[in-house]
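Text of the file start_28.cif, holding mmCIF, C-alpha atoms:
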```
data_query
#
loop_
_atom_site.label_atom_id
_atom_site.label_comp_id
_atom_site.auth_asym_id
_atom_site.auth_seq_id
_atom_site.Cartn_x
_atom_site.Cartn_y
_atom_site.Cartn_z
CA MET A 1 105.05 54.20 117.94
CA ARG A 2 105.81 51.40 115.46
CA ARG A 3 103.02 48.99 114.68
CA ASN A 4 102.99 45.71 112.83
CA LYS A 5 102.16 45.76 109.15
CA LYS A 6 98.54 44.68 109.43
CA GLU A 7 97.74 47.29 112.08
CA ARG A 8 99.52 49.98 110.13
CA GLN A 9 97.71 49.20 106.88
CA GLN A 10 94.35 49.30 108.64
CA LEU A 11 95.17 52.69 110.16
CA LEU A 12 96.45 53.86 106.79
CA ILE A 13 93.10 53.17 105.12
CA GLU A 14 91.27 55.09 107.83
CA THR A 15 93.66 58.01 107.80
CA ILE A 16 93.39 58.40 104.05
CA LYS A 17 89.60 58.17 104.21
CA GLN A 18 89.53 60.97 106.80
CA ASN A 19 92.06 63.14 105.04
CA PRO A 20 92.40 62.49 101.32
CA PHE A 21 95.05 65.22 101.00
CA VAL A 22 97.62 63.46 103.16
CA THR A 23 100.97 62.82 101.46
CA ASP A 24 103.06 59.64 101.59
CA GLU A 25 105.68 61.67 103.46
CA GLU A 26 103.22 62.71 106.15
CA LEU A 27 102.00 59.14 106.52
CA ALA A 28 105.56 57.85 106.80
CA GLU A 29 106.24 60.28 109.59
CA LYS A 30 102.99 59.51 111.35
CA TYR A 31 103.73 55.77 111.43
CA SER A 32 107.50 56.05 111.86
CA VAL A 33 108.24 54.10 108.69
CA SER A 34 109.95 55.01 105.43
CA VAL A 35 108.12 56.61 102.52
CA GLN A 36 109.01 53.50 100.54
CA THR A 37 107.06 51.37 103.05
CA ILE A 38 104.01 53.60 102.68
CA ARG A 39 104.22 53.25 98.91
CA LEU A 40 104.40 49.48 99.16
CA ASP A 41 101.45 49.56 101.57
CA ARG A 42 99.43 51.56 99.06
CA LEU A 43 100.34 49.14 96.29
CA GLU A 44 99.26 46.15 98.37
CA LEU A 45 96.04 47.90 99.36
CA SER A 46 95.41 49.02 95.75
CA ILE A 47 95.20 52.66 96.80
CA PRO A 48 96.30 54.61 93.71
CA GLU A 49 98.54 57.64 93.88
CA LEU A 50 96.03 59.82 95.66
CA ARG A 51 96.70 62.95 93.75
CA GLU A 52 95.73 61.31 90.48
CA ARG A 53 92.51 60.01 91.97
CA ILE A 54 91.56 63.37 93.43
CA LYS A 55 92.46 65.09 90.20
CA SER A 56 90.24 63.03 87.93
CA VAL A 57 87.29 63.32 90.31
CA ALA A 58 87.81 67.06 90.69
CA GLU A 59 88.11 67.69 86.95
CA LYS A 60 84.78 66.07 86.24
CA LYS A 61 83.05 67.75 89.13
CA PHE A 62 84.35 71.31 88.98
CA SER A 63 84.74 72.14 85.31
CA ASP A 64 80.95 72.49 85.11
CA GLU A 65 80.67 74.51 88.31
CA ILE A 66 83.33 77.16 88.12
CA ARG A 67 82.04 80.21 86.31
CA ALA A 68 84.66 82.95 86.42
CA LEU A 69 87.46 81.11 84.57
CA PRO A 70 88.20 77.76 82.90
CA LEU A 71 89.49 75.05 85.27
CA ASP A 72 92.86 74.86 83.49
CA GLU A 73 93.53 78.54 84.26
CA ILE A 74 93.52 77.85 87.98
CA ILE A 75 96.96 77.55 89.59
CA GLY A 76 96.84 74.39 91.70
CA GLU A 77 94.16 71.73 91.69
CA VAL A 78 90.71 72.52 92.96
CA ILE A 79 89.51 69.74 95.26
CA ASP A 80 86.46 71.35 96.78
CA LEU A 81 84.25 74.22 95.69
CA ASN A 82 81.01 75.85 96.78
CA LEU A 83 80.39 79.01 94.78
CA ASP A 84 80.25 82.27 96.74
CA ASP A 85 81.06 80.33 99.90
CA ASN A 86 84.32 78.35 100.03
CA ALA A 87 86.90 76.42 98.00
CA ILE A 88 90.07 74.39 98.48
CA SER A 89 93.01 73.76 96.15
CA ILE A 90 96.36 72.02 96.45
CA LEU A 91 99.68 72.97 94.93
CA ASP A 92 102.72 70.70 95.09
CA ILE A 93 105.86 72.79 95.29
CA ASN A 94 108.41 71.56 92.75
CA LYS A 95 111.76 72.69 91.43
CA GLU A 96 110.15 75.28 89.14
CA HIS A 97 108.46 77.03 92.06
CA VAL A 98 111.51 77.67 94.24
CA PHE A 99 114.53 79.98 94.32
CA LYS A 100 117.50 77.99 93.00
CA ARG A 101 119.70 79.32 95.72
CA ASN A 102 117.80 78.23 98.83
CA GLY A 103 114.94 75.99 97.68
CA ILE A 104 112.33 78.35 99.16
CA ALA A 105 109.07 78.70 97.23
CA ARG A 106 108.72 82.04 95.45
CA GLY A 107 105.98 84.26 96.79
CA HIS A 108 104.21 84.75 93.50
CA HIS A 109 103.37 81.06 93.21
CA LEU A 110 101.62 81.05 96.59
CA PHE A 111 99.95 84.30 95.56
CA ALA A 112 98.88 82.79 92.22
CA GLN A 113 97.35 79.74 93.88
CA ALA A 114 95.42 81.88 96.38
CA ASN A 115 94.39 84.53 93.87
CA SER A 116 93.13 82.11 91.24
CA LEU A 117 91.15 80.27 93.92
CA ALA A 118 89.65 83.60 94.96
CA VAL A 119 88.58 84.12 91.33
CA ALA A 120 87.23 80.57 90.97
CA VAL A 121 85.02 80.76 94.05
CA ILE A 122 83.11 83.78 92.70
CA ASN A 123 79.71 82.87 91.27
CA ASP A 124 79.95 85.24 88.33
CA GLU A 125 81.12 85.32 84.72
CA LEU A 126 83.54 88.12 85.51
CA ALA A 127 85.77 88.34 88.57
CA LEU A 128 88.82 90.59 88.75
CA THR A 129 91.10 91.32 91.67
CA ALA A 130 90.95 94.94 92.83
CA LYS A 131 93.04 94.80 95.98
CA ALA A 132 94.90 92.33 98.17
CA SER A 133 96.65 92.24 101.51
CA ILE A 134 98.88 89.25 101.98
CA LEU A 135 101.14 87.77 104.60
CA PHE A 136 103.79 85.08 104.20
CA THR A 137 103.93 83.44 107.61
CA ARG A 138 106.53 80.73 107.04
CA SER A 139 108.77 79.72 104.14
CA VAL A 140 107.58 76.85 101.98
CA LYS A 141 110.19 74.39 100.71
CA GLU A 142 110.48 72.21 97.62
CA ASN A 143 108.37 69.01 97.82
CA GLU A 144 105.90 70.48 100.28
CA ARG A 145 102.19 70.46 99.47
CA VAL A 146 100.28 73.70 99.95
CA VAL A 147 96.56 73.45 100.70
CA ALA A 148 94.78 76.77 100.09
CA LYS A 149 91.37 77.38 101.65
CA ALA A 150 89.24 80.25 100.37
CA ARG A 151 86.23 81.65 102.15
CA VAL A 152 83.93 84.33 100.74
CA LYS A 153 83.40 86.75 103.60
CA ASN A 154 81.20 89.27 102.03
CA VAL A 155 79.14 89.42 98.85
CA ASP A 156 78.05 92.97 98.21
CA HIS A 157 75.86 93.10 95.13
CA THR A 158 75.22 96.82 95.54
CA ASN A 159 78.79 97.81 94.73
CA ASP A 160 79.83 94.70 92.75
CA ARG A 161 82.50 93.66 95.24
CA SER A 162 83.24 90.53 97.21
CA VAL A 163 85.92 89.90 99.81
CA VAL A 164 87.58 86.49 99.75
CA GLU A 165 89.92 85.36 102.51
CA VAL A 166 92.45 82.68 101.63
CA ARG A 167 94.59 80.78 104.12
CA SER A 168 97.21 78.34 102.87
CA TYR A 169 98.69 75.55 104.92
CA VAL A 170 101.49 72.97 104.79
CA GLY A 171 100.19 70.27 107.09
CA ASN A 172 98.78 72.21 110.02
CA GLU A 173 101.07 75.18 109.61
CA LEU A 174 99.75 78.43 108.18
CA VAL A 175 102.16 79.56 105.45
CA PHE A 176 100.16 82.29 103.69
CA LYS A 177 97.21 84.48 104.45
CA GLY A 178 95.52 86.78 101.96
CA GLU A 179 92.49 88.98 101.73
CA PHE A 180 91.33 89.65 98.18
CA GLU A 181 88.82 92.28 97.22
CA MET A 182 87.19 91.15 93.98
CA TYR A 183 85.22 93.05 91.37
CA ARG A 184 82.33 91.11 89.92
CA SER A 185 79.97 91.98 87.12
CA MET B 1 99.27 116.12 63.39
CA ARG B 2 100.73 114.27 60.40
CA ARG B 3 104.24 115.21 59.39
CA ASN B 4 106.27 114.35 56.34
CA LYS B 5 108.54 111.35 56.53
CA LYS B 6 111.76 113.23 57.10
CA GLU B 7 110.35 115.28 59.96
CA ARG B 8 108.77 112.19 61.51
CA GLN B 9 111.99 110.18 61.36
CA GLN B 10 113.92 112.99 62.98
CA LEU B 11 111.38 113.23 65.80
CA LEU B 12 111.42 109.46 66.10
CA ILE B 13 115.14 109.43 66.79
CA GLU B 14 114.77 112.05 69.48
CA THR B 15 111.76 110.43 71.11
CA ILE B 16 113.51 107.07 71.32
CA LYS B 17 116.62 108.70 72.73
CA GLN B 18 114.55 110.37 75.45
CA ASN B 19 112.47 107.32 76.27
CA PRO B 20 114.07 104.01 75.30
CA PHE B 21 111.05 102.08 76.62
CA VAL B 22 108.61 103.46 74.07
CA THR B 23 106.85 100.83 71.95
CA ASP B 24 106.21 100.91 68.21
CA GLU B 25 102.49 101.11 69.03
CA GLU B 26 102.97 104.21 71.17
CA LEU B 27 105.09 105.85 68.48
CA ALA B 28 102.47 105.05 65.85
CA GLU B 29 99.80 106.73 67.93
CA LYS B 30 102.00 109.71 68.70
CA TYR B 31 102.70 110.42 65.03
CA SER B 32 99.28 109.31 63.70
CA VAL B 33 100.77 106.65 61.44
CA SER B 34 100.49 102.87 61.33
CA VAL B 35 102.72 100.56 63.38
CA GLN B 36 103.96 99.21 60.05
CA THR B 37 105.19 102.69 59.12
CA ILE B 38 107.10 102.99 62.39
CA ARG B 39 108.74 99.61 61.77
CA LEU B 40 109.80 100.69 58.31
CA ASP B 41 111.13 103.95 59.78
CA ARG B 42 113.21 101.99 62.28
CA LEU B 43 114.54 99.74 59.53
CA GLU B 44 115.55 102.71 57.43
CA LEU B 45 117.14 104.40 60.43
CA SER B 46 118.87 101.16 61.48
CA ILE B 47 117.30 101.30 64.92
CA PRO B 48 117.10 97.67 66.03
CA GLU B 49 114.06 96.25 67.86
CA LEU B 50 114.57 98.27 71.00
CA ARG B 51 113.73 95.54 73.41
CA GLU B 52 116.58 93.38 72.15
CA ARG B 53 119.02 96.24 72.48
CA ILE B 54 117.94 97.11 76.00
CA LYS B 55 118.00 93.47 76.97
CA SER B 56 121.57 92.77 75.97
CA VAL B 57 122.82 95.93 77.66
CA ALA B 58 120.88 95.15 80.82
CA GLU B 59 122.05 91.57 81.03
CA LYS B 60 125.67 92.58 80.98
CA LYS B 61 125.20 95.37 83.44
CA PHE B 62 122.93 93.86 86.07
CA SER B 63 123.93 90.23 86.41
CA ASP B 64 126.97 91.37 88.37
CA GLU B 65 125.05 93.81 90.52
CA ILE B 66 121.97 91.99 91.72
CA ARG B 67 122.71 90.11 94.90
CA ALA B 68 119.51 88.54 96.20
CA LEU B 69 118.72 86.31 93.20
CA PRO B 70 120.09 85.38 89.75
CA LEU B 71 119.00 87.68 86.93
CA ASP B 72 117.12 84.87 85.14
CA GLU B 73 114.86 84.40 88.18
CA ILE B 74 113.47 87.91 87.82
CA ILE B 75 110.06 88.14 86.14
CA GLY B 76 110.39 90.86 83.51
CA GLU B 77 113.56 92.52 82.33
CA VAL B 78 115.56 94.75 84.62
CA ILE B 79 116.53 97.94 82.83
CA ASP B 80 117.74 100.03 85.73
CA LEU B 81 118.97 99.15 89.18
CA ASN B 82 120.51 100.92 92.16
CA LEU B 83 120.74 98.58 95.12
CA ASP B 84 118.78 99.57 98.23
CA ASP B 85 117.45 102.56 96.33
CA ASN B 86 115.46 101.99 93.13
CA ALA B 87 114.97 99.69 90.14
CA ILE B 88 112.93 99.44 86.94
CA SER B 89 111.79 96.43 84.94
CA ILE B 90 109.58 95.89 81.90
CA LEU B 91 107.19 93.05 81.18
CA ASP B 92 105.47 92.63 77.84
CA ILE B 93 102.04 91.10 78.33
CA ASN B 94 101.56 88.20 75.93
CA LYS B 95 98.98 85.51 75.39
CA GLU B 96 100.34 83.40 78.24
CA HIS B 97 99.79 86.21 80.77
CA VAL B 98 96.09 86.86 80.12
CA PHE B 99 92.75 85.25 80.85
CA LYS B 100 91.64 83.45 77.68
CA ARG B 101 88.14 84.74 78.07
CA ASN B 102 88.72 88.50 78.15
CA GLY B 103 92.40 89.07 77.33
CA ILE B 104 93.01 90.79 80.69
CA ALA B 105 96.40 90.18 82.33
CA ARG B 106 96.22 87.88 85.34
CA GLY B 107 97.03 89.56 88.63
CA HIS B 108 99.75 87.14 89.63
CA HIS B 109 101.93 88.11 86.69
CA LEU B 110 101.87 91.80 87.69
CA PHE B 111 102.48 90.69 91.25
CA ALA B 112 105.40 88.47 90.16
CA GLN B 113 107.04 91.29 88.22
CA ALA B 114 106.72 93.70 91.14
CA ASN B 115 107.67 91.18 93.81
CA SER B 116 110.77 89.92 92.03
CA LEU B 117 111.88 93.51 91.42
CA ALA B 118 111.42 94.16 95.15
CA VAL B 119 113.70 91.18 95.84
CA ALA B 120 116.27 92.24 93.24
CA VAL B 121 116.65 95.77 94.59
CA ILE B 122 117.68 94.52 98.04
CA ASN B 123 121.41 94.73 98.65
CA ASP B 124 121.67 91.44 100.46
CA GLU B 125 122.27 87.74 99.76
CA LEU B 126 118.90 86.86 101.26
CA ALA B 127 115.64 88.71 100.67
CA LEU B 128 112.24 87.16 101.35
CA THR B 129 108.82 88.75 101.19
CA ALA B 130 107.09 88.94 104.57
CA LYS B 131 104.05 91.02 103.73
CA ALA B 132 102.47 92.89 100.85
CA SER B 133 99.59 95.25 100.19
CA ILE B 134 98.67 95.59 96.57
CA LEU B 135 96.22 97.45 94.42
CA PHE B 136 95.24 96.77 90.82
CA THR B 137 94.23 100.19 89.53
CA ARG B 138 93.34 99.38 85.92
CA SER B 139 93.18 96.21 83.83
CA VAL B 140 96.18 95.43 81.64
CA LYS B 141 95.53 93.93 78.21
CA GLU B 142 97.46 91.63 75.91
CA ASN B 143 100.29 93.38 73.99
CA GLU B 144 100.67 96.15 76.57
CA ARG B 145 104.05 96.82 78.16
CA VAL B 146 104.19 97.13 81.91
CA VAL B 147 106.99 99.25 83.38
CA ALA B 148 107.49 98.54 87.10
CA LYS B 149 109.35 101.05 89.26
CA ALA B 150 110.59 99.99 92.67
CA ARG B 151 111.76 102.33 95.39
CA VAL B 152 113.26 101.27 98.70
CA LYS B 153 111.52 103.40 101.27
CA ASN B 154 113.09 102.22 104.42
CA VAL B 155 116.13 100.08 105.27
CA ASP B 156 115.98 99.05 108.89
CA HIS B 157 119.08 97.05 109.76
CA THR B 158 118.04 96.73 113.40
CA ASN B 159 115.11 94.43 112.62
CA ASP B 160 116.30 93.06 109.27
CA ARG B 161 113.41 94.55 107.31
CA SER B 162 113.08 96.81 104.31
CA VAL B 163 109.98 98.30 102.76
CA VAL B 164 109.90 98.47 98.96
CA GLU B 165 107.21 100.36 97.09
CA VAL B 166 106.51 99.31 93.51
CA ARG B 167 104.37 101.22 91.02
CA SER B 168 103.68 99.71 87.61
CA TYR B 169 102.60 101.70 84.59
CA VAL B 170 101.33 101.20 81.05
CA GLY B 171 102.37 104.40 79.35
CA ASN B 172 101.52 107.06 81.91
CA GLU B 173 98.72 105.11 83.56
CA LEU B 174 99.22 103.50 86.93
CA VAL B 175 98.05 99.88 86.70
CA PHE B 176 99.45 98.37 89.89
CA LYS B 177 100.71 99.61 93.24
CA GLY B 178 102.33 97.43 95.86
CA GLU B 179 104.11 97.82 99.15
CA PHE B 180 106.37 94.91 100.02
CA GLU B 181 107.89 94.33 103.43
CA MET B 182 111.06 92.32 102.92
CA TYR B 183 113.12 90.23 105.31
CA ARG B 184 116.85 90.50 104.78
CA SER B 185 119.70 88.64 106.40
#
```
Could the structure of this file be written out as structure tokens, please?
Amino acid sequence: MRRNKKERQQLLIETIKQNPFVTDEELAEKYSVSVQTIRLDRLELSIPELRERIKSVAEKKFSDEIRALPLDEIIGEVIDLNLDDNAISILDINKEHVFKRNGIARGHHLFAQANSLAVAVINDELALTAKASILFTRSVKENERVVAKARVKNVDHTNDRSVVEVRSYVGNELVFKGEFEMYRS
Amino acid sequence: MRRNKKERQQLLIETIKQNPFVTDEELAEKYSVSVQTIRLDRLELSIPELRERIKSVAEKKFSDEIRALPLDEIIGEVIDLNLDDNAISILDINKEHVFKRNGIARGHHLFAQANSLAVAVINDELALTAKASILFTRSVKENERVVAKARVKNVDHTNDRSVVEVRSYVGNELVFKGEFEMYRS
């Protein structure tokens, strides 16, 4: 349904507040307007490019928290983290992530995002991947944004292992699922 | 056992002929001499840096053969390939592949080598990874050479799937094992 500009901008503010990871493309589709219109809306409303805002907040917040590796070694941007519990990161799929021939994201980039998040969520100085089972459930294309959500299922201090489950989404669609068994010190 | 120079150089020639993937470091250990000595031996014997030699031969040979992706999209260097049967690639682990903190190779690089070899070995224009089970059996360190060996276990044309098993070694030690279920067109 198309709305007038004032209505749309009001809804835009609320939508972004509820879901800070929403892209201009998703907003454009939601309100049946062009991406250009959404960008102009954001300019008028003084909402900066969201990714930049999230990034600077995240960098301050998480570089002190993450223990198992430096923040800049994580593939994707961490936007939420609770050690030994859960974590979220985003990865924007660009030209360098896809097969030239068909524009489909290469599996190892989705794996790298998920695996490094599984390392980051471990509350330990040392975390190494022992084993993983992964599933690619739908192809990811250039310009899509992948949101990876990690959840620590099991912290077993007796045998120095933890199991981390990671599910990655584009919008609401599951694109990747992985279970990582991690060594910890 | 230390040998005199002439003996050692003769053995060197034979060893390299038998195993073209051998590194200077492995040769040095084998003959209880320094890496520097092996390099001087190679210079005297006019054996070029092996990697360069293998690379140029491989590039000519395989760029025509591989169907599922261009040669330059493969992580590591393909040194042997028989479509829908088996393939071998090597990846030298450098600074950019390891965790800064402990010099251990990051899992996604070993995964990327194995996964792209699993794609390359498929005799089809389209090959996408559907599923993978992987095992990291020992940590790989900076300056080690990983030799990945892929074997197509099962080509099922009725459901457009193939299973590719990849085992990666440093010297004789298994460092990674993966089973990849591939979609094909």
- Message: Selection in question (the file shown): the PyMOL selection byres ((chain B and resi 143-156) around 7). Which residues does it include, as a count of residues only?
- Response: 31
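Straight-line separation from CA of Thr15 in chain A to CA of Glu173 in chain A: 18.8 Å.
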- Taking all atoms listed in the file into account, which residues of chain B are within 6 Å of chain A, as an NGL selection string? :B and (108 or 112 or 130-136)
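In this structure, CA of Ser46 in chain A sits 11.4 Å away from CA of Gln9 in chain A.
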- Item | Separation of CA of Ile79 in chain A from CA of Asn19 in chain A in Å | 12.1 Å
- Item | Counting only C-alpha atoms, the option among B:Ser63, B:Asn172, B:Met182, B:Leu71 closest to Val119 in chain B | B:Met182
- Task: Can you turn the PyMOL selection byres ((chain B and resi 47) around 12) into a concrete residue list for this file, as a list in words?
- Result: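 The output of the PyMOL selection byres ((chain B and resi 47) around 12) on this file is Gln9, Leu12, Ile13, Glu14, Ile16, Lys17, Pro20, Asp24, Ile38, Arg39, Leu40, Asp41, Arg42, Leu43, Glu44, Leu45, Ser46, Pro48, Glu49, Leu50, Arg51, Glu52, Arg53 and Ile54 of chain B.
Comparing the minimum interatomic distances between Ile66 in chain B and each of B:Asp124, B:Glu96, B:Glu7, B:Glu25, counting all atoms listed in the file, we find that B:Asp124 sits nearest.
Shortest atom-to-atom contact with Val35 in chain A among A:Lys61, A:Leu83, A:Ala127, A:Thr23: A:Thr23, counting all atoms listed in the file.
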Long-range neighbours of Ser32 in chain B as a PDB file with C-alpha atoms, keeping the file's coordinate frame, 12 Å cut-off, only C-alpha atoms, 2 positions minimum in chain:
```
ATOM      1  CA  MET B   1      99.270 116.120  63.390  1.00  0.00           C
ATOM      2  CA  ARG B   2     100.730 114.270  60.400  1.00  0.00           C
ATOM      3  CA  ARG B   3     104.240 115.210  59.390  1.00  0.00           C
ATOM      4  CA  ASN B   4     106.270 114.350  56.340  1.00  0.00           C
ATOM      5  CA  LYS B   5     108.540 111.350  56.530  1.00  0.00           C
ATOM      6  CA  ARG B   8     108.770 112.190  61.510  1.00  0.00           C
ATOM      7  CA  ASP B  24     106.210 100.910  68.210  1.00  0.00           C
ATOM      8  CA  GLU B  25     102.490 101.110  69.030  1.00  0.00           C
ATOM      9  CA  GLU B  26     102.970 104.210  71.170  1.00  0.00           C
ATOM     10  CA  LEU B  27     105.090 105.850  68.480  1.00  0.00           C
ATOM     11  CA  ALA B  28     102.470 105.050  65.850  1.00  0.00           C
ATOM     12  CA  GLU B  29      99.800 106.730  67.930  1.00  0.00           C
ATOM     13  CA  LYS B  30     102.000 109.710  68.700  1.00  0.00           C
ATOM     14  CA  SER B  34     100.490 102.870  61.330  1.00  0.00           C
ATOM     15  CA  VAL B  35     102.720 100.560  63.380  1.00  0.00           C
ATOM     16  CA  GLN B  36     103.960  99.210  60.050  1.00  0.00           C
ATOM     17  CA  THR B  37     105.190 102.690  59.120  1.00  0.00           C
ATOM     18  CA  ILE B  38     107.100 102.990  62.390  1.00  0.00           C
TER      19      ILE B  38
END
```
